[in-house]
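Peer 1: Pasting in a structure now, in structure tokens, and then I'll have a few things to ask.
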Amino acid sequence: MTERYTVRQFSESEGADDWRVLGDGACAYFRTGSIAAGARLLDAIAALDGTGPRRPDVDVRSDGVTVRIITMTDDYYGLTKEDLELARRISAAARGLGFAADPSAVQTIQVSIDALVHADVVPFWRAVLGYEQRGPDDLVDRYGRGSPFWFQQMDEPRPQRSRTHVDVWVPHDQAEARIAAAIAAGGRLVTDAHAPEWWVLADPEGNEVCVATTLSRG
């Protein structure tokens, strides 16, 4: 494996302007306008050096193409110099086809569950979701379509609050606007004590959601 990159190193590198690092890797969205145009970009990406099994993830839709890059090994889950080089090549391929990137359009959703004893809880969710386990705390869709589930270690029950919440990973430069929109829509800020890593919000009935960024990961 090549040199490992922190979130900040990747984000501040030359040629990474199209990309935003979210909870599960570096993501970019290219506006193509049609399935046929998206397929042309997919073909161009598939022909690049550095692609291979599980790298990158490409989602082609009628309006655009979302690409995600992450390095996953037995002892590492994150970004590398090789990922940055591939991201640059993908951006160049998109520009060559006339497709512009829209970094504000990327996000990932994660469902988080409070658990006192992971060994008791995780097997149930793995079975009912049909997901694969990644480490002790994460379940992921083997097909890359569904949101991951993360199990947060708790030392004691929190009966006064929901023990399941949604994490919305957004680009760091979109977080404040997303929070403001949620509050304007009737929500409230529960705490910003952990910002800019995450903000806790709640809907009018107290159901919680965290708006998260990778800005503080270094």
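Residues are referred to by chain and number: the chain letter is A, B, ... according to the order shown in the structure tokens, the number counts from 1 in that chain, and ligands are numbered separately from 1 in the order shown.
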How close does segment 150-211 of chain A get to segment 117-135 of chain A? List, as a tab-separated table, each residue of segment 150-211 of chain A within 10 Å, its nearest atom pair and the distance in Å to one decimal, counting only C-alpha atoms.

Peer 2:
```
residue	atom	partner	partner_atom	distance
A:Trp150	CA	A:Val122	CA	9.3
A:Phe151	CA	A:His118	CA	7.1
A:Gln152	CA	A:His118	CA	8.6
A:Gln153	CA	A:His118	CA	7.4
A:Met154	CA	A:Val117	CA	8.2
A:Asp155	CA	A:Val117	CA	9.1
```

Peer 1: Report as JSON lines: every residue of segment 10-50 of chain A with an atom at most 10 Å from segment 58-81 of chain A, its closest pair of atoms, and their distance in Å to one decimal, counting only C-alpha atoms, with rows sorted by chain and ascending residue number.

Peer 2:
```
{"residue": "A:Phe10", "atom": "CA", "partner": "A:Leu79", "partner_atom": "CA", "distance": 7.6}
{"residue": "A:Trp19", "atom": "CA", "partner": "A:Arg68", "partner_atom": "CA", "distance": 9.1}
{"residue": "A:Arg20", "atom": "CA", "partner": "A:Arg68", "partner_atom": "CA", "distance": 9.6}
{"residue": "A:Val21", "atom": "CA", "partner": "A:Arg68", "partner_atom": "CA", "distance": 9.2}
{"residue": "A:Leu22", "atom": "CA", "partner": "A:Arg68", "partner_atom": "CA", "distance": 9.5}
{"residue": "A:Gly23", "atom": "CA", "partner": "A:Gly78", "partner_atom": "CA", "distance": 9.7}
{"residue": "A:Asp24", "atom": "CA", "partner": "A:Ile70", "partner_atom": "CA", "distance": 7.1}
{"residue": "A:Gly25", "atom": "CA", "partner": "A:Ile70", "partner_atom": "CA", "distance": 4.8}
{"residue": "A:Ala26", "atom": "CA", "partner": "A:Ile69", "partner_atom": "CA", "distance": 5.2}
{"residue": "A:Cys27", "atom": "CA", "partner": "A:Arg68", "partner_atom": "CA", "distance": 4.4}
{"residue": "A:Ala28", "atom": "CA", "partner": "A:Val67", "partner_atom": "CA", "distance": 5.3}
{"residue": "A:Tyr29", "atom": "CA", "partner": "A:Thr66", "partner_atom": "CA", "distance": 4.4}
{"residue": "A:Phe30", "atom": "CA", "partner": "A:Val65", "partner_atom": "CA", "distance": 5.2}
{"residue": "A:Arg31", "atom": "CA", "partner": "A:Gly64", "partner_atom": "CA", "distance": 4.3}
{"residue": "A:Thr32", "atom": "CA", "partner": "A:Gly64", "partner_atom": "CA", "distance": 4.6}
{"residue": "A:Gly33", "atom": "CA", "partner": "A:Asp63", "partner_atom": "CA", "distance": 4.3}
{"residue": "A:Ser34", "atom": "CA", "partner": "A:Ser62", "partner_atom": "CA", "distance": 4.6}
{"residue": "A:Ile35", "atom": "CA", "partner": "A:Ser62", "partner_atom": "CA", "distance": 4.7}
{"residue": "A:Ala36", "atom": "CA", "partner": "A:Ser62", "partner_atom": "CA", "distance": 8.3}
{"residue": "A:Ala37", "atom": "CA", "partner": "A:Gly64", "partner_atom": "CA", "distance": 8.4}
{"residue": "A:Gly38", "atom": "CA", "partner": "A:Val60", "partner_atom": "CA", "distance": 5.9}
{"residue": "A:Ala39", "atom": "CA", "partner": "A:Val60", "partner_atom": "CA", "distance": 7.1}
{"residue": "A:Leu41", "atom": "CA", "partner": "A:Val65", "partner_atom": "CA", "distance": 7.9}
{"residue": "A:Leu42", "atom": "CA", "partner": "A:Val58", "partner_atom": "CA", "distance": 7.4}
{"residue": "A:Ile45", "atom": "CA", "partner": "A:Val58", "partner_atom": "CA", "distance": 8.9}
{"residue": "A:Ala46", "atom": "CA", "partner": "A:Val58", "partner_atom": "CA", "distance": 9.7}
```

Peer 1: Could you write out, as a ChimeraX atom specification, all the residues of segment 23-166 of chain A that DSSP marks as strand (DSSP E)?

Peer 2: /A:25-31,57-60,64-69,71-72,77-80,100-101,108-115,132-134,138-140,149-153,164-166

Peer 1: Could those selected residues go to a file with N, CA and C atoms, as a compact mmCIF listing (two decimals), in the first residue's frame?

Peer 2:
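Ended up saving to again_27.txt:
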```txt
# COMPACT_ATOMS: atom_id res chain seq x y z
N GLY A 25 -15.08 7.92 2.82
CA GLY A 25 -14.13 8.09 1.73
C GLY A 25 -14.27 9.42 1.01
N ALA A 26 -13.44 9.56 -0.03
CA ALA A 26 -13.46 10.77 -0.85
C ALA A 26 -14.53 10.62 -1.92
N CYS A 27 -15.41 11.62 -2.02
CA CYS A 27 -16.54 11.55 -2.93
C CYS A 27 -16.56 12.74 -3.88
N ALA A 28 -17.00 12.49 -5.10
CA ALA A 28 -17.19 13.55 -6.08
C ALA A 28 -18.47 13.28 -6.86
N TYR A 29 -19.11 14.36 -7.29
CA TYR A 29 -20.33 14.25 -8.09
C TYR A 29 -20.13 15.06 -9.37
N PHE A 30 -20.37 14.43 -10.50
CA PHE A 30 -20.20 15.07 -11.80
C PHE A 30 -21.55 15.13 -12.50
N ARG A 31 -21.96 16.33 -12.88
CA ARG A 31 -23.25 16.50 -13.56
C ARG A 31 -23.11 16.11 -15.03
N ASP A 57 -16.04 3.11 -6.25
CA ASP A 57 -17.48 2.88 -6.33
C ASP A 57 -18.05 3.96 -7.25
N VAL A 58 -18.86 3.56 -8.22
CA VAL A 58 -19.44 4.51 -9.17
C VAL A 58 -20.95 4.29 -9.23
N ASP A 59 -21.70 5.37 -9.04
CA ASP A 59 -23.16 5.34 -9.06
C ASP A 59 -23.63 6.24 -10.20
N VAL A 60 -24.20 5.63 -11.25
CA VAL A 60 -24.66 6.38 -12.42
C VAL A 60 -26.16 6.60 -12.33
N GLY A 64 -26.48 12.57 -13.05
CA GLY A 64 -25.05 12.68 -12.81
C GLY A 64 -24.45 11.39 -12.29
N VAL A 65 -23.16 11.47 -12.02
CA VAL A 65 -22.38 10.31 -11.58
C VAL A 65 -21.69 10.64 -10.27
N THR A 66 -21.88 9.79 -9.27
CA THR A 66 -21.19 9.93 -7.99
C THR A 66 -20.09 8.89 -7.91
N VAL A 67 -18.91 9.33 -7.49
CA VAL A 67 -17.76 8.43 -7.39
C VAL A 67 -17.22 8.49 -5.96
N ARG A 68 -16.89 7.33 -5.41
CA ARG A 68 -16.31 7.26 -4.07
C ARG A 68 -15.03 6.45 -4.12
N ILE A 69 -14.00 6.95 -3.44
CA ILE A 69 -12.71 6.27 -3.38
C ILE A 69 -12.31 6.09 -1.92
N THR A 71 -9.49 3.29 0.50
CA THR A 71 -8.65 2.10 0.58
C THR A 71 -9.10 1.27 1.77
N MET A 72 -9.38 -0.02 1.51
CA MET A 72 -9.82 -0.93 2.57
C MET A 72 -8.89 -2.14 2.59
N TYR A 77 -8.39 1.56 6.94
CA TYR A 77 -9.59 2.03 6.25
C TYR A 77 -9.45 3.53 6.13
N GLY A 78 -9.05 4.00 4.96
CA GLY A 78 -8.81 5.43 4.79
C GLY A 78 -8.29 5.76 3.41
N LEU A 79 -7.55 6.85 3.32
CA LEU A 79 -7.09 7.37 2.04
C LEU A 79 -5.59 7.23 1.90
N THR A 80 -5.14 7.10 0.65
CA THR A 80 -3.73 6.94 0.36
C THR A 80 -3.33 7.85 -0.81
N ALA A 100 -18.88 18.92 -15.39
CA ALA A 100 -18.41 19.70 -14.25
C ALA A 100 -18.73 18.98 -12.95
N ALA A 101 -17.87 19.18 -11.96
CA ALA A 101 -18.10 18.62 -10.63
C ALA A 101 -18.94 19.57 -9.80
N THR A 108 -23.19 11.34 2.67
CA THR A 108 -23.44 9.94 3.00
C THR A 108 -24.27 9.88 4.27
N ILE A 109 -25.08 8.85 4.39
CA ILE A 109 -25.98 8.67 5.53
C ILE A 109 -25.57 7.42 6.29
N GLN A 110 -25.50 7.53 7.59
CA GLN A 110 -25.16 6.40 8.47
C GLN A 110 -26.18 6.31 9.59
N VAL A 111 -26.63 5.10 9.89
CA VAL A 111 -27.53 4.87 11.02
C VAL A 111 -26.70 4.43 12.21
N SER A 112 -26.87 5.11 13.35
CA SER A 112 -26.09 4.81 14.55
C SER A 112 -27.00 4.29 15.65
N ILE A 113 -26.55 3.23 16.31
CA ILE A 113 -27.33 2.58 17.36
C ILE A 113 -26.48 2.51 18.63
N ASP A 114 -27.01 3.00 19.74
CA ASP A 114 -26.34 2.88 21.03
C ASP A 114 -26.41 1.43 21.49
N ALA A 115 -25.28 0.91 21.95
CA ALA A 115 -25.26 -0.48 22.41
C ALA A 115 -24.39 -0.61 23.65
N GLU A 132 -22.61 -7.18 5.95
CA GLU A 132 -21.34 -7.75 6.37
C GLU A 132 -20.76 -6.92 7.51
N GLN A 133 -20.02 -7.57 8.38
CA GLN A 133 -19.39 -6.85 9.49
C GLN A 133 -18.01 -6.36 9.09
N ARG A 134 -17.72 -5.09 9.43
CA ARG A 134 -16.41 -4.50 9.17
C ARG A 134 -15.87 -4.00 10.51
N ASP A 138 -19.04 -1.79 12.94
CA ASP A 138 -19.68 -1.38 11.70
C ASP A 138 -20.28 -2.55 10.94
N LEU A 139 -21.46 -2.30 10.38
CA LEU A 139 -22.08 -3.22 9.42
C LEU A 139 -22.25 -2.48 8.11
N VAL A 140 -21.90 -3.14 7.00
CA VAL A 140 -21.97 -2.48 5.69
C VAL A 140 -22.69 -3.38 4.69
N PHE A 149 -24.40 0.86 9.14
CA PHE A 149 -24.85 0.95 10.53
C PHE A 149 -23.61 0.95 11.43
N TRP A 150 -23.59 1.90 12.38
CA TRP A 150 -22.48 2.01 13.33
C TRP A 150 -23.03 1.86 14.74
N PHE A 151 -22.32 1.09 15.56
CA PHE A 151 -22.79 0.79 16.92
C PHE A 151 -21.91 1.56 17.91
N GLN A 152 -22.54 2.51 18.59
CA GLN A 152 -21.85 3.40 19.52
C GLN A 152 -21.83 2.79 20.91
N GLN A 153 -20.63 2.67 21.46
CA GLN A 153 -20.50 2.05 22.78
C GLN A 153 -21.09 2.96 23.87
N THR A 164 -31.35 5.27 18.82
CA THR A 164 -31.02 5.16 17.40
C THR A 164 -31.09 6.54 16.78
N HIS A 165 -30.08 6.91 16.01
CA HIS A 165 -30.12 8.20 15.34
C HIS A 165 -29.44 8.08 13.99
N VAL A 166 -29.62 9.08 13.17
CA VAL A 166 -29.04 9.13 11.83
C VAL A 166 -27.87 10.09 11.82
```

Peer 1: To test your reading of the structure, identify every residue in chain A that backbone DSSP assigns to alpha helix (DSSP H), and report it as an NGL selection string.

Peer 2: :A and (7-11 or 35-46 or 81-96 or 118-129 or 175-184)

Peer 1: What does the distance between atom CA of His194 of chain A and atom CA of Ala105 of chain A come to in Å, to one decimal place?

Peer 2: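 Between these atoms lies a distance of 24.1 Å.
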
Peer 1: What is the distance between atom CA of Arg55 of chain A and atom CA of Asp83 of chain A, in Å to one decimal?

Peer 2: 9.0 Å

Peer 1: For atom CA of Ala16 of chain A and atom CA of Gly52 of chain A, quote the distance in Å rounded to one decimal.

Peer 2: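 According to the coordinates, atom CA of Ala16 of chain A and atom CA of Gly52 of chain A are separated by 20.5 Å.
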
Peer 1: Do you know which residues are at most 12 Å from Pro196 of chain A counting only C-alpha atoms, after dropping those on the same chain fewer than 4 positions away, and could you put them as JSON, numbers by chain?

Peer 2: {"A": [169, 170, 171, 172, 173, 174, 175, 176, 179, 191, 192, 200, 210, 211, 212, 213, 214, 215, 216, 217, 218]}

Peer 1: Report as a list in words all protein, DNA and RNA residues lying within 12 Å of Ala47 of chain A, evaluated on only C-alpha atoms, omitting residues in the same chain fewer than 6 positions from it.

Peer 2: Arg40, Leu41, Pro56, Leu86, Arg89, Ile90 and Ala93 of chain A

Peer 1: Which residue out of A:Val209, A:Leu189, A:Ala44, A:Val7 has the minimum interatomic distance to Arg95 of chain A when only C-alpha atoms are used?

Peer 2: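 Selected residue with least distance to Arg95 of chain A: A:Ala44.
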
Peer 1: Residues within 9 Å of Arg188 of chain A, please, as a list in words. Count only C-alpha atoms; anything in the same chain fewer than 5 positions from it doesn't count.

Peer 2: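 Within the cut-off, the hits are Ala182, Ile183, Val200, Leu201, Ala202, Asp203, Pro204 and Gly206 of chain A.
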
Peer 1: Would you write out those residues with N, CA, C and O atoms, as a compact mmCIF listing (two decimals), in the first residue's frame?

Peer 2:
```
# COMPACT_ATOMS: atom_id res chain seq x y z
N ALA A 182 -32.23 22.92 8.56
CA ALA A 182 -32.95 22.01 9.46
C ALA A 182 -33.64 22.77 10.59
O ALA A 182 -34.77 22.45 10.97
N ILE A 183 -32.98 23.77 11.13
CA ILE A 183 -33.58 24.57 12.20
C ILE A 183 -34.75 25.38 11.66
O ILE A 183 -35.81 25.48 12.29
N VAL A 200 -25.44 18.00 17.04
CA VAL A 200 -26.62 17.19 17.31
C VAL A 200 -27.86 18.07 17.17
O VAL A 200 -27.97 19.11 17.83
N LEU A 201 -28.80 17.65 16.31
CA LEU A 201 -30.05 18.36 16.13
C LEU A 201 -31.19 17.41 16.48
O LEU A 201 -31.00 16.19 16.56
N ALA A 202 -32.38 17.98 16.68
CA ALA A 202 -33.56 17.16 16.95
C ALA A 202 -34.75 17.74 16.23
O ALA A 202 -34.84 18.96 16.02
N ASP A 203 -35.67 16.86 15.83
CA ASP A 203 -36.90 17.32 15.21
C ASP A 203 -37.87 17.79 16.31
O ASP A 203 -37.55 17.70 17.50
N PRO A 204 -39.05 18.30 15.96
CA PRO A 204 -39.97 18.82 16.98
C PRO A 204 -40.41 17.80 18.02
O PRO A 204 -40.89 18.19 19.09
N GLY A 206 -38.25 15.42 19.18
CA GLY A 206 -37.07 14.97 19.92
C GLY A 206 -36.23 13.91 19.26
O GLY A 206 -35.22 13.47 19.82
```
